[in-house]
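Following: one structure in C-alpha cells, then a few remarks.
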Amino acid sequence: MTRTYSPIELMVAKQRVGNEEADKHALPVLLYLDAAHRGQGCIAAENALLRLVLVVQVLGSKSGNRALYDIGCKGVQALFTAAGRGAELLAFTTGEYQAMRKLVNAYLRVLPGLQIIMLAFACKRADELIEEMRGE
C-alpha cells in the first residue's frame with residue numbers, strides 16, 4: 001500500500017538530513033563500532049550494526065549507487081562472520097573491522113545529504129528485513 005503525503009509532509013520529507021542531525025546519528029554508531037573493535041560489542045551493538053549494514057545496502061540499492069551497495073555487502077559479511085563465532089560479546093578481526101569502518105565512513109559521508117524520505121524508507125526496509133530474518 002502506497003502512502004499519500006500531504007504537501008507539507010512531502011516538503012519536509014524532501015529536505016536533507018543535514019550535518020547537525022547526522023552528527024547525532026554518528027555518535028552511537030561510532031561507539032558501537034569501537035566496542036566491537038575492542039571485543040566488547042554487546043547485543044545492542046550487534047543489533048545496531050546489523051540495522052546499519054542493511055540501511056546502507058538499501059540506500060545503495062535504491063539510489064543506484066553500486067559502490068555503496070557493495071560496501072554494505074562486505075559489511076554484512078563481516079558482521080555475520082563476527083556474530084557467527086558465537087562469542088558472548090561481538091569482536092571484530094582486523095579485516096572485519098576494516099570492512100565495517102569503511103561502511104560506517106561511507107554512511108556518515110552520505111547521511112547529511114540524504115533526503116529524509118530516503119533515510120526513512122531505508123530504515124523501514126531494514127527493519128522489515130530484520131523481521132524476515134527472525135521469521136516474524
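Ordered as shown in the C-alpha cells, chains take letters A, B, and onward, while each chain numbers its residues from 1 and ligands are numbered from 1 in the order shown.
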According to DSSP computed on the backbone, where in chain A is there helix (DSSP H, G or I)? Give the residues as an mmCIF file with C-alpha atoms, in the first residue's frame.
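Written out: result18.cif:
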```
data_model
loop_
_atom_site.group_PDB
_atom_site.id
_atom_site.type_symbol
_atom_site.label_atom_id
_atom_site.label_comp_id
_atom_site.auth_asym_id
_atom_site.auth_seq_id
_atom_site.Cartn_x
_atom_site.Cartn_y
_atom_site.Cartn_z
ATOM 1 C CA PRO A 7 2.017 18.802 0.606
ATOM 2 C CA ILE A 8 3.612 19.896 3.891
ATOM 3 C CA GLU A 9 4.695 16.340 4.773
ATOM 4 C CA LEU A 10 6.191 15.961 1.314
ATOM 5 C CA MET A 11 8.026 19.273 1.606
ATOM 6 C CA VAL A 12 9.537 18.192 4.951
ATOM 7 C CA ALA A 13 10.334 14.678 3.728
ATOM 8 C CA GLY A 18 21.851 17.914 7.369
ATOM 9 C CA ASN A 19 25.081 17.986 9.337
ATOM 10 C CA GLU A 20 23.606 18.617 12.777
ATOM 11 C CA GLU A 21 21.208 15.664 12.641
ATOM 12 C CA ALA A 22 23.849 13.450 11.009
ATOM 13 C CA ASP A 23 26.189 14.197 13.906
ATOM 14 C CA LYS A 24 23.526 12.985 16.353
ATOM 15 C CA HIS A 25 23.292 9.687 14.451
ATOM 16 C CA ALA A 26 27.063 9.319 14.188
ATOM 17 C CA LEU A 27 27.931 9.078 17.873
ATOM 18 C CA PRO A 28 26.094 5.836 18.729
ATOM 19 C CA VAL A 29 27.280 4.191 15.512
ATOM 20 C CA LEU A 30 30.888 5.097 16.241
ATOM 21 C CA LEU A 31 30.588 3.904 19.838
ATOM 22 C CA TYR A 32 29.164 0.535 18.759
ATOM 23 C CA LEU A 33 31.856 0.134 16.109
ATOM 24 C CA ASP A 34 34.575 0.912 18.648
ATOM 25 C CA ALA A 35 33.121 -1.521 21.181
ATOM 26 C CA ALA A 36 33.117 -4.346 18.625
ATOM 27 C CA HIS A 37 36.650 -3.420 17.553
ATOM 28 C CA ILE A 43 23.851 -7.311 21.852
ATOM 29 C CA ALA A 44 22.763 -3.682 21.397
ATOM 30 C CA ALA A 45 25.915 -3.048 19.354
ATOM 31 C CA GLU A 46 25.296 -6.140 17.256
ATOM 32 C CA ASN A 47 21.674 -5.176 16.608
ATOM 33 C CA ALA A 48 22.509 -1.560 15.782
ATOM 34 C CA LEU A 49 25.311 -2.561 13.425
ATOM 35 C CA LEU A 50 23.065 -5.117 11.717
ATOM 36 C CA ARG A 51 20.433 -2.450 11.119
ATOM 37 C CA LEU A 52 23.130 -0.092 9.831
ATOM 38 C CA VAL A 53 24.537 -2.547 7.273
ATOM 39 C CA LEU A 54 21.038 -3.208 5.981
ATOM 40 C CA VAL A 55 20.285 0.527 5.788
ATOM 41 C CA VAL A 56 23.471 1.029 3.769
ATOM 42 C CA GLN A 57 22.559 -1.807 1.416
ATOM 43 C CA VAL A 58 19.064 -0.406 0.904
ATOM 44 C CA LEU A 59 20.420 3.100 0.304
ATOM 45 C CA GLY A 60 22.927 1.780 -2.211
ATOM 46 C CA SER A 61 20.300 -0.323 -3.974
ATOM 47 C CA LYS A 62 17.520 2.282 -4.017
ATOM 48 C CA SER A 63 19.805 5.101 -5.172
ATOM 49 C CA ARG A 66 26.678 0.238 -6.707
ATOM 50 C CA ALA A 67 29.795 1.209 -4.723
ATOM 51 C CA LEU A 68 27.730 1.927 -1.592
ATOM 52 C CA TYR A 69 25.761 -1.290 -2.068
ATOM 53 C CA ASP A 70 28.992 -3.300 -2.375
ATOM 54 C CA ILE A 71 30.358 -1.707 0.794
ATOM 55 C CA GLY A 72 27.129 -2.733 2.508
ATOM 56 C CA CYS A 73 27.507 -6.321 1.277
ATOM 57 C CA LYS A 74 31.071 -6.540 2.578
ATOM 58 C CA GLY A 75 29.946 -5.053 5.878
ATOM 59 C CA VAL A 76 27.127 -7.551 6.317
ATOM 60 C CA GLN A 77 29.526 -10.416 5.549
ATOM 61 C CA ALA A 78 31.978 -9.121 8.144
ATOM 62 C CA LEU A 79 29.248 -8.658 10.742
ATOM 63 C CA PHE A 80 27.705 -12.097 10.142
ATOM 64 C CA THR A 81 31.137 -13.740 10.346
ATOM 65 C CA ALA A 82 31.916 -11.989 13.628
ATOM 66 C CA ALA A 83 28.484 -12.706 15.092
ATOM 67 C CA GLY A 84 28.618 -16.307 13.866
ATOM 68 C CA THR A 94 41.187 -6.654 11.769
ATOM 69 C CA GLY A 95 39.623 -7.410 8.371
ATOM 70 C CA GLU A 96 36.080 -7.333 9.740
ATOM 71 C CA TYR A 97 36.769 -4.051 11.489
ATOM 72 C CA GLN A 98 38.187 -2.532 8.294
ATOM 73 C CA ALA A 99 35.111 -3.587 6.304
ATOM 74 C CA MET A 100 32.774 -2.169 8.946
ATOM 75 C CA ARG A 101 34.816 1.010 9.324
ATOM 76 C CA LYS A 102 34.598 1.557 5.572
ATOM 77 C CA LEU A 103 30.831 1.028 5.743
ATOM 78 C CA VAL A 104 30.417 3.450 8.656
ATOM 79 C CA ASN A 105 32.584 6.065 6.933
ATOM 80 C CA ALA A 106 30.559 5.778 3.716
ATOM 81 C CA TYR A 107 27.271 6.028 5.621
ATOM 82 C CA LEU A 108 28.372 9.065 7.610
ATOM 83 C CA ARG A 109 29.647 10.714 4.437
ATOM 84 C CA VAL A 110 26.303 10.369 2.581
ATOM 85 C CA LEU A 111 23.999 10.862 5.587
ATOM 86 C CA PRO A 112 23.943 14.704 5.694
ATOM 87 C CA GLY A 113 22.912 14.913 2.034
ATOM 88 C CA ILE A 116 14.654 12.478 4.992
ATOM 89 C CA ILE A 117 12.183 10.399 2.987
ATOM 90 C CA MET A 118 15.018 8.226 1.609
ATOM 91 C CA LEU A 119 16.505 7.657 5.058
ATOM 92 C CA ALA A 120 13.071 6.808 6.475
ATOM 93 C CA PHE A 121 12.481 4.356 3.628
ATOM 94 C CA ALA A 122 15.874 2.677 4.165
ATOM 95 C CA CYS A 123 15.302 2.379 7.927
ATOM 96 C CA LYS A 124 11.823 0.928 7.441
ATOM 97 C CA ARG A 125 13.074 -1.565 4.871
ATOM 98 C CA ALA A 126 15.976 -2.591 7.115
ATOM 99 C CA ASP A 127 13.510 -3.243 9.944
ATOM 100 C CA GLU A 128 11.364 -5.347 7.599
ATOM 101 C CA LEU A 129 14.401 -7.399 6.576
ATOM 102 C CA ILE A 130 15.327 -7.970 10.210
ATOM 103 C CA GLU A 131 11.783 -9.159 10.940
ATOM 104 C CA GLU A 132 12.012 -11.541 7.968
ATOM 105 C CA MET A 133 15.307 -12.914 9.318
ATOM 106 C CA ARG A 134 13.671 -13.568 12.663
#
```
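The gap separating CA of Arg85 in chain A from CA of Gln40 in chain A is 13.9 Å, in Å to one decimal.
Here CA of Arg38 in chain A is placed at a distance of 7.7 Å from CA of Phe92 in chain A.
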